[in-house]
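K.L.:
One file is attached below, protein_29.tsv, containing TSV, C-alpha atoms and all ligand atoms.
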chain	number	residue	atom	x	y	z
A	1	MET	CA	120.10	69.53	134.13
A	2	THR	CA	120.05	72.48	131.73
A	3	SER	CA	121.49	71.66	128.32
A	4	ASN	CA	123.94	74.00	126.64
A	5	LYS	CA	121.45	74.57	123.85
A	6	THR	CA	118.76	75.63	126.31
A	7	ALA	CA	121.24	77.91	128.04
A	8	ASP	CA	122.16	79.45	124.67
A	9	PHE	CA	118.50	79.96	123.89
A	10	LYS	CA	117.77	81.58	127.25
A	11	SER	CA	120.78	83.86	126.93
A	12	SER	CA	119.50	84.94	123.51
A	13	LEU	CA	116.41	86.37	125.21
A	14	GLN	CA	118.55	88.73	127.25
A	15	PHE	CA	120.24	91.77	125.87
A	16	ASP	CA	123.10	93.95	126.84
A	17	PHE	CA	121.89	96.57	129.28
A	18	LEU	CA	124.47	98.96	127.85
A	19	ASP	CA	123.26	98.49	124.28
A	20	THR	CA	121.10	101.59	124.25
A	21	PRO	CA	119.78	101.41	120.64
A	22	THR	CA	118.59	97.84	121.19
A	23	ASN	CA	117.03	98.72	124.51
A	24	LYS	CA	115.23	101.60	122.87
A	25	VAL	CA	113.69	99.26	120.27
A	26	LEU	CA	112.76	96.63	122.86
A	27	GLY	CA	111.19	99.31	125.04
A	28	ALA	CA	108.55	100.03	122.40
A	29	GLU	CA	105.05	100.39	123.77
A	30	ASN	CA	103.18	98.76	120.91
A	31	TYR	CA	103.85	96.91	117.68
A	32	GLY	CA	103.69	99.96	115.43
A	33	ASP	CA	106.14	101.77	117.67
A	34	PHE	CA	108.45	98.72	117.58
A	35	GLN	CA	108.38	98.64	113.75
A	36	LYS	CA	109.30	102.31	113.58
A	37	ARG	CA	112.01	102.12	116.21
A	38	LEU	CA	113.67	99.05	114.69
A	39	ARG	CA	113.57	100.41	111.12
A	40	GLU	CA	115.13	103.66	112.29
A	41	SER	CA	117.54	102.09	114.79
A	42	ASN	CA	120.54	101.66	112.49
A	43	CYS	CA	121.21	98.53	114.57
A	44	GLN	CA	124.92	97.69	114.50
A	45	ARG	CA	124.93	94.32	116.25
A	46	CYS	CA	126.05	92.28	113.21
A	47	PRO	CA	129.14	93.89	111.63
A	48	GLU	CA	129.11	91.69	108.48
A	49	LEU	CA	125.50	92.60	107.67
A	50	LEU	CA	125.89	96.35	107.80
A	51	GLU	CA	127.75	97.12	104.58
A	52	GLY	CA	125.22	95.74	102.09
A	53	ARG	CA	122.12	96.66	104.06
A	54	THR	CA	119.56	99.01	102.53
A	55	HIS	CA	116.75	98.41	105.01
A	56	ILE	CA	116.23	96.62	108.29
A	57	VAL	CA	113.38	94.30	107.30
A	58	VAL	CA	110.99	94.01	110.22
A	59	ASP	CA	108.11	92.01	108.76
A	60	ARG	CA	105.20	91.82	106.30
A	61	GLY	CA	101.55	91.13	107.02
A	62	ASN	CA	99.22	91.63	109.94
A	63	PRO	CA	100.62	92.01	113.48
A	64	ALA	CA	97.12	91.25	114.78
A	65	ALA	CA	97.04	87.84	113.07
A	66	GLN	CA	96.94	84.53	114.91
A	67	ILE	CA	99.59	82.96	112.69
A	68	VAL	CA	103.26	84.00	112.53
A	69	ALA	CA	105.51	82.54	109.82
A	70	ILE	CA	109.27	82.74	110.40
A	71	GLY	CA	111.80	82.55	107.59
A	72	GLU	CA	115.57	82.84	107.54
A	73	ALA	CA	116.68	86.31	106.41
A	74	PRO	CA	115.80	89.05	103.92
A	75	GLY	CA	117.00	88.59	100.34
A	76	GLU	CA	117.74	91.20	97.69
A	77	ASN	CA	114.12	92.24	97.00
A	78	GLU	CA	113.28	92.33	100.68
A	79	ASP	CA	116.33	94.46	101.42
A	80	GLU	CA	115.40	96.88	98.63
A	81	GLN	CA	111.74	97.19	99.59
A	82	GLY	CA	112.11	96.88	103.37
A	83	LYS	CA	109.43	94.14	103.50
A	84	ALA	CA	109.72	90.43	104.27
A	85	PHE	CA	109.06	87.75	101.63
A	86	VAL	CA	108.37	89.95	98.61
A	87	GLY	CA	110.72	88.20	96.14
A	88	ARG	CA	110.11	84.98	94.19
A	89	ALA	CA	110.05	82.85	97.32
A	90	GLY	CA	107.57	85.22	98.94
A	91	GLN	CA	105.31	85.15	95.89
A	92	LEU	CA	105.38	81.34	95.96
A	93	LEU	CA	104.52	81.40	99.67
A	94	ASP	CA	101.57	83.71	98.89
A	95	LYS	CA	100.27	81.27	96.25
A	96	ILE	CA	100.69	78.21	98.44
A	97	MET	CA	98.86	79.83	101.35
A	98	GLU	CA	96.16	81.25	99.09
A	99	SER	CA	95.48	77.70	97.84
A	100	VAL	CA	94.23	76.82	101.34
A	101	GLY	CA	92.44	80.11	101.98
A	102	ILE	CA	95.19	81.96	103.84
A	103	ASN	CA	95.93	85.54	102.85
A	104	THR	CA	99.53	86.21	103.87
A	105	ASN	CA	98.89	89.94	104.31
A	106	LYS	CA	95.77	89.60	106.45
A	107	ASP	CA	95.90	86.23	108.19
A	108	MET	CA	99.59	86.08	108.93
A	109	LEU	CA	102.58	88.06	110.11
A	110	ILE	CA	105.77	87.05	108.29
A	111	VAL	CA	109.14	87.70	109.92
A	112	ASN	CA	112.71	86.39	109.71
A	113	VAL	CA	115.29	85.09	112.16
A	114	VAL	CA	117.58	87.99	111.20
A	115	LYS	CA	116.34	91.36	109.98
A	116	CYS	CA	119.26	92.29	107.71
A	117	ARG	CA	120.30	90.66	104.45
A	118	PRO	CA	123.41	88.46	104.74
A	119	PRO	CA	126.01	88.95	101.98
A	120	ALA	CA	125.32	86.81	98.88
A	121	ASN	CA	122.25	85.44	100.69
A	122	ARG	CA	124.35	83.16	102.87
A	123	PRO	CA	122.60	81.69	105.94
A	124	PRO	CA	122.91	83.85	109.04
A	125	LYS	CA	125.81	82.94	111.30
A	126	PRO	CA	124.87	81.59	114.75
A	127	GLN	CA	126.05	84.78	116.46
A	128	GLU	CA	123.98	86.92	114.07
A	129	ALA	CA	120.89	84.87	114.86
A	130	VAL	CA	121.56	85.18	118.60
A	131	SER	CA	122.08	88.94	118.22
A	132	CYS	CA	118.77	89.39	116.40
A	133	LEU	CA	116.61	86.96	118.39
A	134	PRO	CA	115.63	89.51	121.08
A	135	TYR	CA	113.76	91.43	118.36
A	136	LEU	CA	112.01	88.28	117.12
A	137	HIS	CA	111.06	87.29	120.65
A	138	TRP	CA	109.65	90.75	121.27
A	139	GLN	CA	107.49	90.32	118.16
A	140	LEU	CA	106.28	86.87	119.20
A	141	LYS	CA	105.44	88.04	122.71
A	142	LYS	CA	103.49	91.03	121.46
A	143	VAL	CA	101.64	89.22	118.64
A	144	ASN	CA	100.95	86.19	120.86
A	145	PRO	CA	100.05	83.87	117.95
A	146	LYS	CA	98.20	80.57	118.20
A	147	LEU	CA	100.45	79.05	115.57
A	148	ILE	CA	104.08	79.61	114.58
A	149	ILE	CA	105.08	78.25	111.19
A	150	LEU	CA	108.82	77.67	110.87
A	151	LEU	CA	109.82	78.01	107.24
A	152	GLY	CA	112.91	75.88	106.72
A	153	ALA	CA	115.77	74.56	108.80
A	154	THR	CA	117.25	77.90	109.93
A	155	ALA	CA	114.03	79.01	111.60
A	156	ALA	CA	113.52	75.54	113.11
A	157	LYS	CA	117.06	75.43	114.49
A	158	HIS	CA	116.89	78.82	116.17
A	159	LEU	CA	113.34	78.68	117.50
A	160	VAL	CA	113.33	75.10	118.73
A	161	PRO	CA	116.80	74.58	120.23
A	162	ASN	CA	116.15	70.94	121.14
A	163	ILE	CA	115.52	69.97	117.55
A	164	LYS	CA	118.24	67.59	116.45
A	165	GLU	CA	120.67	68.42	113.66
A	166	GLY	CA	118.94	67.07	110.55
A	167	GLY	CA	115.63	66.97	112.48
A	168	MET	CA	113.96	69.07	109.80
A	169	ARG	CA	113.32	66.00	107.66
A	170	GLU	CA	111.67	64.16	110.55
A	171	ARG	CA	109.55	67.07	111.76
A	172	VAL	CA	108.47	68.81	108.53
A	173	GLY	CA	104.70	68.82	108.11
A	174	GLN	CA	104.05	67.98	111.77
A	175	PHE	CA	102.48	70.02	114.55
A	176	PHE	CA	104.23	70.09	117.89
A	177	ASP	CA	104.56	72.09	121.13
A	178	SER	CA	107.60	73.79	122.62
A	179	ALA	CA	108.13	74.24	126.36
A	180	ASP	CA	109.61	77.68	125.63
A	181	PHE	CA	106.31	78.89	124.12
A	182	PRO	CA	103.47	77.46	126.20
A	183	GLY	CA	100.09	77.45	124.47
A	184	VAL	CA	101.56	78.00	121.02
A	185	LYS	CA	101.44	75.29	118.33
A	186	PHE	CA	104.41	74.93	115.98
A	187	LEU	CA	104.50	73.63	112.43
A	188	ILE	CA	107.61	73.22	110.29
A	189	LEU	CA	107.18	73.70	106.54
A	190	TYR	CA	109.67	73.74	103.70
A	191	HIS	CA	111.06	77.18	102.94
A	192	PRO	CA	109.59	78.35	99.61
A	193	ALA	CA	113.11	79.09	98.31
A	194	TYR	CA	113.84	75.37	98.75
A	195	LEU	CA	110.75	74.54	96.68
A	196	LEU	CA	112.03	76.84	93.92
A	197	ARG	CA	115.29	74.89	93.92
A	198	ASP	CA	113.57	71.49	94.08
A	199	PRO	CA	110.01	71.70	92.66
A	200	ARG	CA	109.47	67.97	93.32
A	201	LYS	CA	109.00	68.92	97.00
A	202	LYS	CA	105.85	70.89	96.10
A	203	VAL	CA	103.79	67.69	96.20
A	204	GLU	CA	104.84	67.10	99.81
A	205	MET	CA	104.28	70.76	100.65
A	206	TRP	CA	100.74	70.51	99.32
A	207	GLU	CA	100.03	67.66	101.74
A	208	HIS	CA	101.46	69.73	104.59
A	209	VAL	CA	99.38	72.82	103.85
A	210	LYS	CA	96.24	70.69	103.62
A	211	LEU	CA	97.02	69.57	107.19
A	212	LEU	CA	97.47	73.24	108.08
A	213	ARG	CA	94.01	74.07	106.69
A	214	LYS	CA	92.51	71.17	108.64
A	215	TRP	CA	94.15	72.38	111.86
A	216	LEU	CA	92.90	75.93	111.31
A	217	ASP	CA	89.35	74.66	110.81
A	218	GLU	CA	89.48	72.32	113.80
A	219	THR	CA	90.86	74.98	116.14
A	220	LYS	CA	88.77	77.79	114.64
A	221	THR	CA	91.93	79.83	114.11
A	222	ALA	CA	91.33	82.90	111.99
A	223	ALA	CA	92.16	82.58	108.33
A	224	ILE	CA	89.94	83.08	105.29
A	225	PRO	CA	87.20	81.86	105.36
A	226	GLY	CA	86.20	82.80	108.87
A	227	ALA	CA	88.61	85.70	109.36
A	228	ALA	CA	86.05	87.61	111.41
A	229	CYS	CA	87.86	87.25	114.71
A	230	LEU	CA	90.87	89.09	113.29
A	231	ALA	CA	88.85	92.28	113.38
A	232	GLY	CA	88.89	92.46	117.16
A	233	ARG	CA	92.65	92.14	117.51
A	234	GLN	CA	94.57	95.28	116.78
A	235	ALA	CA	98.31	95.77	116.71
A	236	GLY	CA	99.63	97.06	119.97
A	237	GLU	CA	96.74	95.80	122.08
A	301	LIG	S1	120.45	91.27	111.82
A	301	LIG	FE1	119.32	92.05	113.59
A	301	LIG	S2	120.83	92.25	115.25
A	301	LIG	FE2	121.94	92.06	113.30
A	301	LIG	S3	122.34	94.18	112.65
A	301	LIG	FE3	120.43	93.51	111.66
A	301	LIG	S4	118.78	94.17	113.06
A	301	LIG	FE4	120.72	94.24	114.20
Kindly return the structure encoded in the file as structure tokens.
Ligand code: SF4
P.N.:
Amino acid sequence: MTSNKTADFKSSLQFDFLDTPTNKVLGAENYGDFQKRLRESNCQRCPELLEGRTHIVVDRGNPAAQIVAIGEAPGENEDEQGKAFVGRAGQLLDKIMESVGINTNKDMLIVNVVKCRPPANRPPKPQEAVSCLPYLHWQLKKVNPKLIILLGATAAKHLVPNIKEGGMRERVGQFFDSADFPGVKFLILYHPAYLLRDPRKKVEMWEHVKLLRKWLDETKTAAIPGAACLAGRQAGE
């Protein structure tokens, strides 16, 4: 029997056939075209996110990478610059990944569940996440990563609908599969903004990223060192 959560998830992959601006974005032929169309779309699907929005924040990093990291939503710096994870939390993420040989601009594409900054950095509302998920799913389909890193509970909740409420604590630092994304490995990590609020969690995070490094080496997934196979994968191919 199909659960309500699964039904919600599946419905999030569909979009309104009359929503022409969204259809135009989702009809992009390659990743570069998608970036341009979404940035210029003036998407209006989330009324509460429109007033304070400076930019629609599509991503940061390499769309040809084998790793996609998914956060929650753009913050103030991201909204200003139009790039994901460029504030304090993003800088911390860069340092953490660098410590295990991962360059967030070359080895990873970083995206968010919603592409517009929520007022006062509140978490996105469920309807906002559902409205924006077709864009995220388009990105994941096109990038076709080997590994999706879910940064924090919001990303985990919206990408893995069968994860239990409070399941973040049980699943953080573990690799797992999802029937909705065959062939893709998932890993939940603490959101770097959470580490800024509670630096004691950095010790645990360090153990988790060491496991990440081990997995990359074992599966020969591209990340420095050994980033050579990135060269053959170009955005839009
Ligand atoms: S969050 Fe996503 S769906 Fe909502 S207005 Fe922004 S781009 Fe559109």
K.L.:
Using all atoms listed in the file, which residues sit within 12 Å of Leu50 of chain A once same-chain residues fewer than 2 positions away are excluded, as a PyMOL selection string?
P.N.:
chain A and resi 42-48+52-56+79+115-119+128
K.L.:
What does the distance from atom CA of Gly61 of chain A to atom CA of Leu26 of chain A come to in Å, to one decimal?
P.N.:
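Computed distance, atom CA of Gly61 of chain A to atom CA of Leu26 of chain A, equals 20.2 Å.
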K.L.:
Take every atom of segment 41-50 of chain A listed in the file, fit an axis-aligned box around them, add 5 Å per side, and give the centre and edge lengths in Å to one decimal as lines of an AutoDock Vina configuration file.
P.N.:
center_x = 123.3
center_y = 96.9
center_z = 112.0
size_x = 21.6
size_y = 20.4
size_z = 18.6
K.L.:
If I take atom CA of Phe85 of chain A and atom CA of Asp19 of chain A, how far is one from the other in Å, to one decimal?
P.N.:
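So the answer is 28.8 Å.
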K.L.:
Between atom CA of Ala223 of chain A and atom CA of Gln91 of chain A, what is the spacing in Å?
P.N.:
18.3 Å
K.L.:
Measuring between all atoms listed in the file, which one of A:Arg213, A:Arg169, A:Arg88, A:Arg37 shows the shortest distance to ligand LIG 301 (chain A)?
P.N.:
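Looking at the shortest contact to ligand LIG 301 (chain A), the residue is A:Arg37.
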K.L.:
Could you tell me which of A:Glu98, A:Glu51, A:Glu207, A:Glu29 comes closest to ligand LIG 301 (chain A) if we count only C-alpha atoms and all ligand atoms?
P.N.:
A:Glu51
K.L.:
Could you rebuild segment 186-204 of chain A with N, CA, C and O atoms and give me the result as a PDB file, keeping the file's coordinate frame?
P.N.:
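This went into part.pdb:
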ATOM      1  N   PHE A 186     103.371  74.719 117.001  1.00  0.00           N
ATOM      2  CA  PHE A 186     104.410  74.930 115.980  1.00  0.00           C
ATOM      3  C   PHE A 186     104.177  73.987 114.807  1.00  0.00           C
ATOM      4  O   PHE A 186     103.711  72.864 114.983  1.00  0.00           O
ATOM      5  N   LEU A 187     104.520  74.465 113.624  1.00  0.00           N
ATOM      6  CA  LEU A 187     104.500  73.630 112.430  1.00  0.00           C
ATOM      7  C   LEU A 187     105.716  73.979 111.585  1.00  0.00           C
ATOM      8  O   LEU A 187     105.963  75.162 111.321  1.00  0.00           O
ATOM      9  N   ILE A 188     106.471  72.969 111.182  1.00  0.00           N
ATOM     10  CA  ILE A 188     107.610  73.220 110.290  1.00  0.00           C
ATOM     11  C   ILE A 188     107.173  72.933 108.854  1.00  0.00           C
ATOM     12  O   ILE A 188     106.600  71.877 108.572  1.00  0.00           O
ATOM     13  N   LEU A 189     107.432  73.891 107.972  1.00  0.00           N
ATOM     14  CA  LEU A 189     107.180  73.700 106.540  1.00  0.00           C
ATOM     15  C   LEU A 189     108.461  73.957 105.759  1.00  0.00           C
ATOM     16  O   LEU A 189     109.357  74.658 106.248  1.00  0.00           O
ATOM     17  N   TYR A 190     108.526  73.426 104.549  1.00  0.00           N
ATOM     18  CA  TYR A 190     109.670  73.740 103.700  1.00  0.00           C
ATOM     19  C   TYR A 190     109.704  75.233 103.405  1.00  0.00           C
ATOM     20  O   TYR A 190     108.652  75.863 103.217  1.00  0.00           O
ATOM     21  N   HIS A 191     110.906  75.785 103.356  1.00  0.00           N
ATOM     22  CA  HIS A 191     111.060  77.180 102.940  1.00  0.00           C
ATOM     23  C   HIS A 191     110.723  77.269 101.447  1.00  0.00           C
ATOM     24  O   HIS A 191     111.167  76.415 100.666  1.00  0.00           O
ATOM     25  N   PRO A 192     109.943  78.276 101.037  1.00  0.00           N
ATOM     26  CA  PRO A 192     109.590  78.350  99.610  1.00  0.00           C
ATOM     27  C   PRO A 192     110.801  78.452  98.677  1.00  0.00           C
ATOM     28  O   PRO A 192     110.738  78.003  97.529  1.00  0.00           O
ATOM     29  N   ALA A 193     111.903  79.028  99.160  1.00  0.00           N
ATOM     30  CA  ALA A 193     113.110  79.090  98.310  1.00  0.00           C
ATOM     31  C   ALA A 193     113.622  77.675  98.010  1.00  0.00           C
ATOM     32  O   ALA A 193     114.161  77.406  96.929  1.00  0.00           O
ATOM     33  N   TYR A 194     113.450  76.768  98.961  1.00  0.00           N
ATOM     34  CA  TYR A 194     113.840  75.370  98.750  1.00  0.00           C
ATOM     35  C   TYR A 194     112.953  74.730  97.684  1.00  0.00           C
ATOM     36  O   TYR A 194     113.424  73.971  96.827  1.00  0.00           O
ATOM     37  N   LEU A 195     111.677  75.079  97.693  1.00  0.00           N
ATOM     38  CA  LEU A 195     110.750  74.540  96.680  1.00  0.00           C
ATOM     39  C   LEU A 195     111.097  75.068  95.288  1.00  0.00           C
ATOM     40  O   LEU A 195     110.913  74.371  94.295  1.00  0.00           O
ATOM     41  N   LEU A 196     111.603  76.300  95.230  1.00  0.00           N
ATOM     42  CA  LEU A 196     112.030  76.840  93.920  1.00  0.00           C
ATOM     43  C   LEU A 196     113.242  76.074  93.410  1.00  0.00           C
ATOM     44  O   LEU A 196     113.393  75.862  92.212  1.00  0.00           O
ATOM     45  N   ARG A 197     114.105  75.649  94.333  1.00  0.00           N
ATOM     46  CA  ARG A 197     115.290  74.890  93.920  1.00  0.00           C
ATOM     47  C   ARG A 197     114.939  73.446  93.591  1.00  0.00           C
ATOM     48  O   ARG A 197     115.558  72.820  92.743  1.00  0.00           O
ATOM     49  N   ASP A 198     113.943  72.888  94.286  1.00  0.00           N
ATOM     50  CA  ASP A 198     113.570  71.490  94.080  1.00  0.00           C
ATOM     51  C   ASP A 198     112.042  71.381  93.995  1.00  0.00           C
ATOM     52  O   ASP A 198     111.369  71.050  94.982  1.00  0.00           O
ATOM     53  N   PRO A 199     111.480  71.667  92.807  1.00  0.00           N
ATOM     54  CA  PRO A 199     110.010  71.700  92.660  1.00  0.00           C
ATOM     55  C   PRO A 199     109.340  70.368  92.982  1.00  0.00           C
ATOM     56  O   PRO A 199     108.143  70.338  93.262  1.00  0.00           O
ATOM     57  N   ARG A 200     110.099  69.262  92.985  1.00  0.00           N
ATOM     58  CA  ARG A 200     109.470  67.970  93.320  1.00  0.00           C
ATOM     59  C   ARG A 200     108.900  67.987  94.742  1.00  0.00           C
ATOM     60  O   ARG A 200     107.978  67.249  95.072  1.00  0.00           O
ATOM     61  N   LYS A 201     109.462  68.850  95.605  1.00  0.00           N
ATOM     62  CA  LYS A 201     109.000  68.920  97.000  1.00  0.00           C
ATOM     63  C   LYS A 201     107.632  69.595  97.134  1.00  0.00           C
ATOM     64  O   LYS A 201     107.029  69.595  98.214  1.00  0.00           O
ATOM     65  N   LYS A 202     107.149  70.196  96.029  1.00  0.00           N
ATOM     66  CA  LYS A 202     105.850  70.890  96.100  1.00  0.00           C
ATOM     67  C   LYS A 202     104.719  69.921  96.411  1.00  0.00           C
ATOM     68  O   LYS A 202     103.738  70.290  97.056  1.00  0.00           O
ATOM     69  N   VAL A 203     104.836  68.690  95.952  1.00  0.00           N
ATOM     70  CA  VAL A 203     103.790  67.690  96.200  1.00  0.00           C
ATOM     71  C   VAL A 203     103.665  67.463  97.716  1.00  0.00           C
ATOM     72  O   VAL A 203     102.571  67.467  98.288  1.00  0.00           O
ATOM     73  N   GLU A 204     104.822  67.302  98.362  1.00  0.00           N
ATOM     74  CA  GLU A 204     104.840  67.100  99.810  1.00  0.00           C
ATOM     75  C   GLU A 204     104.306  68.349 100.538  1.00  0.00           C
ATOM     76  O   GLU A 204     103.558  68.245 101.499  1.00  0.00           O
TER      77      GLU A 204
END
